[in-house]
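Chemist: Just upload_3.cif, nothing more (mmCIF, C-alpha atoms):
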data_upload
loop_
_atom_site.group_PDB
_atom_site.id
_atom_site.type_symbol
_atom_site.label_atom_id
_atom_site.label_comp_id
_atom_site.auth_asym_id
_atom_site.auth_seq_id
_atom_site.Cartn_x
_atom_site.Cartn_y
_atom_site.Cartn_z
ATOM 1 C CA MET A 19 -3.109 -51.520 56.688
ATOM 2 C CA SER A 20 -0.048 -49.740 55.307
ATOM 3 C CA ARG A 21 -0.166 -48.009 51.946
ATOM 4 C CA ARG A 22 2.233 -50.625 50.530
ATOM 5 C CA SER A 23 -0.020 -53.460 51.691
ATOM 6 C CA GLY A 24 -3.054 -51.680 50.278
ATOM 7 C CA ILE A 25 -1.399 -51.371 46.860
ATOM 8 C CA LEU A 26 -0.479 -55.053 46.904
ATOM 9 C CA GLU A 27 -4.037 -56.031 47.827
ATOM 10 C CA PHE A 28 -5.385 -53.904 44.977
ATOM 11 C CA ALA A 29 -2.958 -55.406 42.450
ATOM 12 C CA ILE A 30 -3.643 -59.002 43.491
ATOM 13 C CA LEU A 31 -7.407 -58.546 43.239
ATOM 14 C CA GLY A 32 -7.012 -56.854 39.861
ATOM 15 C CA LEU A 33 -4.812 -59.577 38.414
ATOM 16 C CA LEU A 34 -7.081 -62.339 39.684
ATOM 17 C CA ARG A 35 -10.065 -60.602 38.159
ATOM 18 C CA GLU A 36 -8.477 -61.418 34.806
ATOM 19 C CA SER A 37 -8.101 -65.123 35.628
ATOM 20 C CA PRO A 38 -7.265 -67.484 38.512
ATOM 21 C CA MET A 39 -3.520 -67.909 39.089
ATOM 22 C CA HIS A 40 -0.932 -69.799 41.064
ATOM 23 C CA GLY A 41 1.073 -67.757 43.531
ATOM 24 C CA TYR A 42 4.064 -68.128 41.221
ATOM 25 C CA GLU A 43 2.118 -66.592 38.342
ATOM 26 C CA LEU A 44 1.060 -63.718 40.575
ATOM 27 C CA ARG A 45 4.677 -63.131 41.579
ATOM 28 C CA LYS A 46 5.702 -63.060 37.932
ATOM 29 C CA ARG A 47 2.932 -60.659 36.902
ATOM 30 C CA LEU A 48 3.583 -58.329 39.817
ATOM 31 C CA ASN A 49 7.254 -58.256 38.908
ATOM 32 C CA THR A 50 7.144 -58.065 35.116
ATOM 33 C CA SER A 51 3.822 -56.459 34.249
ATOM 34 C CA LEU A 52 3.509 -54.089 37.204
ATOM 35 C CA GLY A 53 6.935 -52.528 37.525
ATOM 36 C CA VAL A 54 6.045 -50.837 40.803
ATOM 37 C CA PHE A 55 6.446 -54.233 42.502
ATOM 38 C CA ARG A 56 9.922 -55.074 41.214
ATOM 39 C CA ALA A 57 11.484 -54.214 44.566
ATOM 40 C CA PHE A 58 8.837 -55.666 46.874
ATOM 41 C CA SER A 59 9.630 -58.613 49.121
ATOM 42 C CA TYR A 60 8.038 -61.835 47.956
ATOM 43 C CA GLY A 61 7.749 -62.739 51.614
ATOM 44 C CA THR A 62 4.848 -60.277 51.796
ATOM 45 C CA LEU A 63 2.866 -61.886 48.970
ATOM 46 C CA TYR A 64 1.685 -65.066 50.656
ATOM 47 C CA PRO A 65 0.632 -63.426 53.946
ATOM 48 C CA CYS A 66 -1.375 -60.964 51.862
ATOM 49 C CA LEU A 67 -2.995 -63.829 49.940
ATOM 50 C CA LYS A 68 -3.889 -65.543 53.227
ATOM 51 C CA THR A 69 -5.472 -62.320 54.484
ATOM 52 C CA LEU A 70 -7.524 -61.952 51.302
ATOM 53 C CA VAL A 71 -8.697 -65.558 51.655
ATOM 54 C CA ALA A 72 -9.643 -64.932 55.300
ATOM 55 C CA ASN A 73 -11.635 -61.860 54.229
ATOM 56 C CA GLY A 74 -13.596 -63.959 51.748
ATOM 57 C CA TRP A 75 -12.222 -62.149 48.715
ATOM 58 C CA LEU A 76 -10.254 -65.139 47.404
ATOM 59 C CA ILE A 77 -10.597 -68.881 47.575
ATOM 60 C CA GLU A 78 -7.836 -71.481 47.349
ATOM 61 C CA GLU A 79 -8.251 -74.400 44.951
ATOM 62 C CA PRO A 80 -5.888 -77.243 44.024
ATOM 63 C CA GLY A 81 -4.364 -76.887 40.584
ATOM 64 C CA ASN A 82 -6.051 -79.220 38.093
ATOM 65 C CA THR A 83 -3.900 -78.935 34.967
ATOM 66 C CA PRO A 84 -1.847 -81.925 33.701
ATOM 67 C CA GLU A 85 1.321 -79.990 34.549
ATOM 68 C CA ASP A 86 0.154 -79.570 38.139
ATOM 69 C CA ALA A 87 -0.626 -83.266 38.431
ATOM 70 C CA LEU A 88 2.744 -84.237 36.957
ATOM 71 C CA ALA A 89 4.658 -81.912 39.274
ATOM 72 C CA ALA A 90 2.745 -83.257 42.273
ATOM 73 C CA SER A 91 3.441 -86.875 41.331
ATOM 74 C CA LEU A 92 7.144 -86.247 40.740
ATOM 75 C CA THR A 93 7.713 -84.325 43.957
ATOM 76 C CA GLY A 94 5.337 -86.299 46.165
ATOM 77 C CA ARG A 95 3.601 -83.070 47.150
ATOM 78 C CA ARG A 96 0.046 -81.959 46.771
ATOM 79 C CA ALA A 97 -0.961 -79.951 43.710
ATOM 80 C CA LYS A 98 -0.115 -76.266 43.593
ATOM 81 C CA ILE A 99 -2.696 -73.884 44.963
ATOM 82 C CA VAL A 100 -4.711 -71.729 42.572
ATOM 83 C CA TYR A 101 -6.190 -68.472 43.857
ATOM 84 C CA ARG A 102 -9.590 -67.480 42.500
ATOM 85 C CA LEU A 103 -11.496 -64.220 42.994
ATOM 86 C CA THR A 104 -14.873 -64.509 44.728
ATOM 87 C CA ALA A 105 -17.924 -62.354 44.084
ATOM 88 C CA ASP A 106 -17.090 -60.396 47.235
ATOM 89 C CA GLY A 107 -13.528 -60.016 45.993
ATOM 90 C CA LYS A 108 -14.717 -58.611 42.700
ATOM 91 C CA GLU A 109 -16.934 -56.164 44.571
ATOM 92 C CA ARG A 110 -13.971 -55.161 46.753
ATOM 93 C CA PHE A 111 -11.766 -54.561 43.707
ATOM 94 C CA GLU A 112 -14.426 -52.448 42.005
ATOM 95 C CA GLU A 113 -14.750 -50.406 45.191
ATOM 96 C CA LEU A 114 -10.989 -49.782 45.235
ATOM 97 C CA LEU A 115 -10.990 -49.084 41.500
ATOM 98 C CA SER A 116 -13.545 -46.297 41.901
ATOM 99 C CA GLN A 117 -11.567 -44.401 44.552
ATOM 100 C CA THR A 118 -10.044 -41.109 43.396
ATOM 101 C CA GLY A 119 -8.760 -39.591 46.634
ATOM 102 C CA PRO A 120 -5.286 -38.109 47.190
ATOM 103 C CA ASP A 121 -3.700 -41.526 47.745
ATOM 104 C CA ALA A 122 -4.396 -42.360 44.090
ATOM 105 C CA TYR A 123 -1.981 -39.611 43.011
ATOM 106 C CA GLU A 124 1.067 -40.863 44.932
ATOM 107 C CA ASP A 125 3.945 -42.393 42.977
ATOM 108 C CA GLU A 126 3.492 -46.091 43.758
ATOM 109 C CA THR A 127 -0.300 -45.968 44.021
ATOM 110 C CA PHE A 128 -0.671 -44.147 40.726
ATOM 111 C CA ALA A 129 1.528 -46.684 38.915
ATOM 112 C CA ALA A 130 -0.631 -49.560 40.168
ATOM 113 C CA ARG A 131 -3.858 -47.692 39.382
ATOM 114 C CA PHE A 132 -2.660 -46.872 35.877
ATOM 115 C CA ALA A 133 -1.877 -50.547 35.237
ATOM 116 C CA PHE A 134 -5.615 -51.270 35.626
ATOM 117 C CA PHE A 135 -6.962 -48.301 33.676
ATOM 118 C CA GLY A 136 -8.314 -50.766 31.117
ATOM 119 C CA GLN A 137 -10.829 -51.874 33.780
ATOM 120 C CA THR A 138 -11.541 -48.356 35.074
ATOM 121 C CA GLU A 139 -14.453 -46.099 34.173
ATOM 122 C CA ARG A 140 -13.516 -43.128 32.001
ATOM 123 C CA ASP A 141 -14.605 -40.464 34.508
ATOM 124 C CA VAL A 142 -12.519 -42.142 37.229
ATOM 125 C CA ARG A 143 -9.511 -42.285 34.904
ATOM 126 C CA MET A 144 -9.877 -38.568 34.246
ATOM 127 C CA ARG A 145 -10.016 -37.668 37.933
ATOM 128 C CA VAL A 146 -6.967 -39.775 38.727
ATOM 129 C CA LEU A 147 -4.973 -38.352 35.794
ATOM 130 C CA GLU A 148 -5.893 -34.769 36.628
ATOM 131 C CA GLY A 149 -5.145 -35.314 40.312
ATOM 132 C CA ARG A 150 -1.760 -36.825 39.487
ATOM 133 C CA ARG A 151 -0.957 -33.887 37.199
ATOM 134 C CA SER A 152 -1.853 -31.361 39.903
ATOM 135 C CA ARG A 153 0.294 -33.225 42.424
ATOM 136 C CA LEU A 154 3.286 -33.190 40.067
ATOM 137 C CA GLU A 155 2.817 -29.534 39.145
ATOM 138 C CA GLU A 156 2.951 -28.676 42.855
ATOM 139 C CA ARG A 157 6.082 -30.803 43.246
ATOM 140 C CA LEU A 158 7.705 -29.171 40.220
ATOM 141 C CA GLU A 159 7.016 -25.677 41.551
ATOM 142 C CA LYS A 160 8.684 -26.559 44.853
ATOM 143 C CA MET A 161 11.669 -28.123 43.077
ATOM 144 C CA ARG A 162 12.179 -25.033 40.941
ATOM 145 C CA ALA A 163 11.958 -22.747 43.954
ATOM 146 C CA SER A 164 14.478 -24.872 45.842
ATOM 147 C CA PHE A 165 16.800 -24.957 42.847
ATOM 148 C CA ALA A 166 16.694 -21.175 42.522
ATOM 149 C CA ARG A 167 17.529 -20.726 46.218
ATOM 150 C CA THR A 168 20.404 -23.190 46.407
ATOM 151 C CA ARG A 169 22.039 -23.257 42.970
ATOM 152 C CA GLU A 170 24.823 -20.863 43.953
ATOM 153 C CA ARG A 171 25.860 -23.119 46.863
ATOM 154 C CA LEU A 172 25.854 -26.457 45.066
ATOM 155 C CA ASP A 173 28.557 -28.178 43.046
ATOM 156 C CA ASP A 174 28.045 -29.047 39.390
ATOM 157 C CA TYR A 175 27.111 -32.694 39.999
ATOM 158 C CA THR A 176 24.467 -31.890 42.583
ATOM 159 C CA LEU A 177 23.039 -29.263 40.235
ATOM 160 C CA GLU A 178 22.859 -31.812 37.430
ATOM 161 C CA LEU A 179 21.088 -34.245 39.728
ATOM 162 C CA GLN A 180 18.495 -31.611 40.604
ATOM 163 C CA ARG A 181 18.039 -30.723 36.938
ATOM 164 C CA HIS A 182 17.565 -34.378 36.122
ATOM 165 C CA GLY A 183 14.870 -34.646 38.797
ATOM 166 C CA MET A 184 13.028 -31.616 37.472
ATOM 167 C CA GLU A 185 13.238 -32.835 33.893
ATOM 168 C CA SER A 186 11.791 -36.210 34.926
ATOM 169 C CA VAL A 187 8.810 -34.512 36.544
ATOM 170 C CA GLU A 188 8.379 -32.197 33.551
ATOM 171 C CA ARG A 189 8.314 -35.205 31.207
ATOM 172 C CA GLU A 190 5.647 -36.911 33.266
ATOM 173 C CA VAL A 191 3.535 -33.750 33.311
ATOM 174 C CA ARG A 192 3.741 -33.585 29.507
ATOM 175 C CA TRP A 193 2.818 -37.260 29.287
ATOM 176 C CA LEU A 194 -0.167 -36.710 31.574
ATOM 177 C CA ASN A 195 -1.282 -33.742 29.475
ATOM 178 C CA GLU A 196 -1.271 -35.976 26.396
ATOM 179 C CA LEU A 197 -3.224 -38.710 28.175
ATOM 180 C CA ILE A 198 -5.807 -36.255 29.476
ATOM 181 C CA GLU A 199 -6.289 -34.728 26.031
ATOM 182 C CA SER A 200 -6.623 -38.207 24.544
ATOM 183 C CA GLU A 201 -9.253 -39.153 27.119
ATOM 184 C CA ARG A 202 -11.179 -35.951 26.427
ATOM 185 C CA ALA A 203 -11.006 -36.465 22.687
ATOM 186 C CA GLY A 204 -12.266 -40.024 23.037
ATOM 187 C CA ARG A 205 -15.183 -38.913 25.182
ATOM 188 C CA ASP A 206 -16.043 -36.091 22.777
ATOM 189 C CA ARG A 207 -16.057 -38.445 19.777
ATOM 190 C CA ARG A 208 -18.591 -40.658 21.545
ATOM 191 C CA SER A 209 -20.877 -37.775 22.427
ATOM 192 C CA GLY A 210 -21.532 -36.779 18.804
ATOM 193 C CA PRO A 211 -23.672 -38.288 16.023
ATOM 194 C CA GLY A 212 -23.533 -42.056 15.867
ATOM 195 C CA SER A 213 -22.382 -42.403 19.449
ATOM 196 C CA ASP A 214 -24.946 -45.137 20.084
ATOM 197 C CA ALA A 215 -22.817 -47.455 17.976
ATOM 198 C CA GLN A 216 -19.739 -46.665 20.021
ATOM 199 C CA GLN A 217 -20.784 -47.030 23.610
ATOM 200 C CA ASP A 218 -18.058 -46.337 26.162
ATOM 201 C CA THR A 219 -16.942 -49.281 28.258
ATOM 202 C CA SER A 220 -14.919 -49.422 31.405
ATOM 203 C CA GLY A 221 -12.435 -51.752 29.734
ATOM 204 C CA GLU A 222 -11.433 -49.359 26.975
ATOM 205 C CA THR A 223 -7.717 -48.555 27.028
ATOM 206 C CA GLY A 224 -7.597 -45.911 24.304
ATOM 207 C CA GLY A 225 -5.139 -47.965 22.278
ATOM 208 C CA LEU A 226 -2.508 -48.190 25.023
ATOM 209 C CA PRO A 227 -0.285 -51.253 24.633
ATOM 210 C CA ARG A 228 -0.568 -54.211 26.901
ATOM 211 C CA HIS A 229 2.523 -56.031 28.085
ATOM 212 C CA GLY A 230 2.997 -59.465 29.484
ATOM 213 C CA GLY A 231 5.386 -62.336 29.611
ATOM 214 C CA SER A 232 5.726 -65.952 30.597
ATOM 215 C CA THR A 233 8.323 -68.131 32.212
ATOM 216 C CA ARG A 234 8.303 -71.769 33.237
ATOM 217 C CA PRO A 235 6.839 -72.245 36.729
ATOM 218 C CA ASP A 236 8.878 -73.648 39.579
ATOM 219 C CA PRO A 237 7.133 -76.850 40.709
ATOM 220 C CA SER A 238 8.349 -76.238 44.276
ATOM 221 C CA ASP A 239 6.200 -73.117 44.679
ATOM 222 C CA ASP A 240 2.685 -72.858 46.124
ATOM 223 C CA THR A 241 2.379 -76.315 47.580
ATOM 224 C CA THR A 242 0.868 -77.227 50.831
ATOM 225 C CA LYS A 243 3.076 -78.934 53.336
#
When written as structure tokens, how does the structure in this file appear?

Modeler:
Amino acid sequence: MSRRSGILEFAILGLLRESPMHGYELRKRLNTSLGVFRAFSYGTLYPCLKTLVANGWLIEEPGNTPEDALAASLTGRRAKIVYRLTADGKERFEELLSQTGPDAYEDETFAARFAFFGQTERDVRMRVLEGRRSRLEERLEKMRASFARTRERLDDYTLELQRHGMESVEREVRWLNELIESERAGRDRRSGPGSDAQQDTSGETGGLPRHGGSTRPDPSDDTTK
């Protein structure tokens, strides 16, 4: 499985852990809530769903809402398919959620992992954040060294582009520093007196905002032929 496919699998399982969804709803959430998937081909979504069903991690059910029934009656097609996470699928997602290896620090993987930090254990969040920071600090050091070697040979616009790239990485490093300090402060507060009344949970987001959106479904999507 390619890294891109692995990220998509992770995101689908994570979204369906929240609630069952039509394929259209999954497409919308991947696009609007998880920005890393804005450029992905929707043609890869349904094959991935079929693979997850074949692995026993999802099941397909006919939609049973009044809207589904109305759309089916108007179009003469069967009701839209709803994808639901199985117990094995939940176990698979939790296994993926606990992984903190180097792949978790890469650009696309980290973005998807961060989107599900609200479901991630605090110690795992810390390892992923610290690993991502180390990866970016290494990248920044290489960028600075390259800039110092080549700046005399580059035109002004190329120099500005390189500066912009370095500044973007520097901003993310500062952001990660703030997140790591916030995580540490939250853990420290719960280790002092009265901590029994404030037990840590894997779903805690530390006050980070949640984003979502809704649009009207297309009744032509997710129907069986």

Chemist: Mind pulling up the distance from atom CA of Trp75 of chain A to atom CA of Glu109 of chain A?

Modeler: 8.7 Å

Chemist: Write out as a list in words each polymer residue whose atoms come within 12 Å of Leu70 of chain A, counting all atoms listed in the file; drop sequence neighbours fewer than 4 positions from it.

Modeler: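 Returned residues: Ser23, Gly24, Leu26, Glu27, Phe28, Ala29, Ile30, Leu31, Leu34, Leu63, Tyr64, Pro65, Cys66, Gly74, Trp75, Leu76, Ile77, Glu78, Tyr101, Arg102, Leu103, Thr104, Asp106, Gly107, Lys108, Arg110 and Phe111 of chain A.
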
Chemist: Quick one: write out the picked residues with C-alpha atoms as a compact mmCIF listing (two decimals), keeping the file's coordinate frame?

Modeler:
# COMPACT_ATOMS: atom_id res chain seq x y z
CA SER A 23 -0.02 -53.46 51.69
CA GLY A 24 -3.05 -51.68 50.28
CA LEU A 26 -0.48 -55.05 46.90
CA GLU A 27 -4.04 -56.03 47.83
CA PHE A 28 -5.38 -53.90 44.98
CA ALA A 29 -2.96 -55.41 42.45
CA ILE A 30 -3.64 -59.00 43.49
CA LEU A 31 -7.41 -58.55 43.24
CA LEU A 34 -7.08 -62.34 39.68
CA LEU A 63 2.87 -61.89 48.97
CA TYR A 64 1.68 -65.07 50.66
CA PRO A 65 0.63 -63.43 53.95
CA CYS A 66 -1.38 -60.96 51.86
CA GLY A 74 -13.60 -63.96 51.75
CA TRP A 75 -12.22 -62.15 48.72
CA LEU A 76 -10.25 -65.14 47.40
CA ILE A 77 -10.60 -68.88 47.58
CA GLU A 78 -7.84 -71.48 47.35
CA TYR A 101 -6.19 -68.47 43.86
CA ARG A 102 -9.59 -67.48 42.50
CA LEU A 103 -11.50 -64.22 42.99
CA THR A 104 -14.87 -64.51 44.73
CA ASP A 106 -17.09 -60.40 47.24
CA GLY A 107 -13.53 -60.02 45.99
CA LYS A 108 -14.72 -58.61 42.70
CA ARG A 110 -13.97 -55.16 46.75
CA PHE A 111 -11.77 -54.56 43.71

Chemist: Any chance you could resolve the PyMOL selection byres ((chain A and resi 148) around 12) against this file and give the residues as a PDB file with C-alpha atoms, keeping the file's coordinate frame?

Modeler:
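Below is the file part-v8.pdb, written as the result:
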ATOM      1  CA  THR A 118     -10.044 -41.109  43.396  1.00  0.00           C
ATOM      2  CA  GLY A 119      -8.760 -39.591  46.634  1.00  0.00           C
ATOM      3  CA  PRO A 120      -5.286 -38.109  47.190  1.00  0.00           C
ATOM      4  CA  ALA A 122      -4.396 -42.360  44.090  1.00  0.00           C
ATOM      5  CA  TYR A 123      -1.981 -39.611  43.011  1.00  0.00           C
ATOM      6  CA  PHE A 128      -0.671 -44.147  40.726  1.00  0.00           C
ATOM      7  CA  ASP A 141     -14.605 -40.464  34.508  1.00  0.00           C
ATOM      8  CA  VAL A 142     -12.519 -42.142  37.229  1.00  0.00           C
ATOM      9  CA  ARG A 143      -9.511 -42.285  34.904  1.00  0.00           C
ATOM     10  CA  MET A 144      -9.877 -38.568  34.246  1.00  0.00           C
ATOM     11  CA  ARG A 145     -10.016 -37.668  37.933  1.00  0.00           C
ATOM     12  CA  VAL A 146      -6.967 -39.775  38.727  1.00  0.00           C
ATOM     13  CA  LEU A 147      -4.973 -38.352  35.794  1.00  0.00           C
ATOM     14  CA  GLY A 149      -5.145 -35.314  40.312  1.00  0.00           C
ATOM     15  CA  ARG A 150      -1.760 -36.825  39.487  1.00  0.00           C
ATOM     16  CA  ARG A 151      -0.957 -33.887  37.199  1.00  0.00           C
ATOM     17  CA  SER A 152      -1.853 -31.361  39.903  1.00  0.00           C
ATOM     18  CA  ARG A 153       0.294 -33.225  42.424  1.00  0.00           C
ATOM     19  CA  LEU A 154       3.286 -33.190  40.067  1.00  0.00           C
ATOM     20  CA  GLU A 155       2.817 -29.534  39.145  1.00  0.00           C
ATOM     21  CA  VAL A 191       3.535 -33.750  33.311  1.00  0.00           C
ATOM     22  CA  TRP A 193       2.818 -37.260  29.287  1.00  0.00           C
ATOM     23  CA  LEU A 194      -0.167 -36.710  31.574  1.00  0.00           C
ATOM     24  CA  ASN A 195      -1.282 -33.742  29.475  1.00  0.00           C
ATOM     25  CA  GLU A 196      -1.271 -35.976  26.396  1.00  0.00           C
ATOM     26  CA  LEU A 197      -3.224 -38.710  28.175  1.00  0.00           C
ATOM     27  CA  ILE A 198      -5.807 -36.255  29.476  1.00  0.00           C
ATOM     28  CA  GLU A 199      -6.289 -34.728  26.031  1.00  0.00           C
ATOM     29  CA  GLU A 201      -9.253 -39.153  27.119  1.00  0.00           C
ATOM     30  CA  ARG A 202     -11.179 -35.951  26.427  1.00  0.00           C
TER      31      ARG A 202
END

Chemist: Mind giving me the straight-line distance from atom CA of Pro38 of chain A to atom CA of Lys68 of chain A in Å, one decimal?

Modeler: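 Those two atoms sit 15.2 Å apart.
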
Chemist: Can you tell me how far atom CA of Gly81 of chain A sits from atom CA of Leu52 of chain A, in Å to one decimal?

Modeler: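 Separating atom CA of Gly81 of chain A from atom CA of Leu52 of chain A is a distance of 24.4 Å.
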
Chemist: Under the rule that all atoms listed in the file are counted, which of A:Ala130, A:Leu114, A:Ala105, A:Val100 is the nearest residue to Asn49 of chain A?

Modeler: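 Of A:Ala130, A:Leu114, A:Ala105, A:Val100, the one nearest Asn49 of chain A is A:Ala130, counting all atoms listed in the file.
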
Chemist: Residues within 8 Å of (-6.3, -58.6, 33.1), file coordinates, counting only C-alpha atoms: what are they? Give the list as a list in words.

Modeler: Gly32, Leu33, Leu34, Arg35, Glu36, Ser37 and Phe134 of chain A

Chemist: Can you tell me which residues surround Gly61 of chain A at a distance of at most 12 Å, considering only C-alpha atoms, apart from same-chain residues fewer than 5 positions away, and format the answer as a list in words?

Modeler: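 Counting only C-alpha atoms, the residues come to Gly41, Arg45, Cys66 and Leu67 of chain A.
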
Chemist: Could you give me the axis-aligned bounding box of segment 172-178 of chain A, with 8 Å of padding per side, as centre plus edge lengths in Å to one decimal, as lines of an AutoDock Vina configuration file?

Modeler:
center_x = 25.7
center_y = -29.6
center_z = 41.2
size_x = 21.7
size_y = 22.2
size_z = 23.6

Chemist: Using the chain letters and numbers from the file, give me the residues hit by the PyMOL selection byres ((chain A and resi 162) around 12), as a list of chain:residue names.

Modeler: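 With the PyMOL selection byres ((chain A and resi 162) around 12) on this model, the match is A:Glu155, A:Glu156, A:Arg157, A:Leu158, A:Glu159, A:Lys160, A:Met161, A:Ala163, A:Ser164, A:Phe165, A:Ala166, A:Arg167, A:Thr168, A:Arg169, A:Leu177, A:Gln180, A:Arg181, A:His182, A:Gly183, A:Met184, A:Glu185, A:Val187, A:Glu188.
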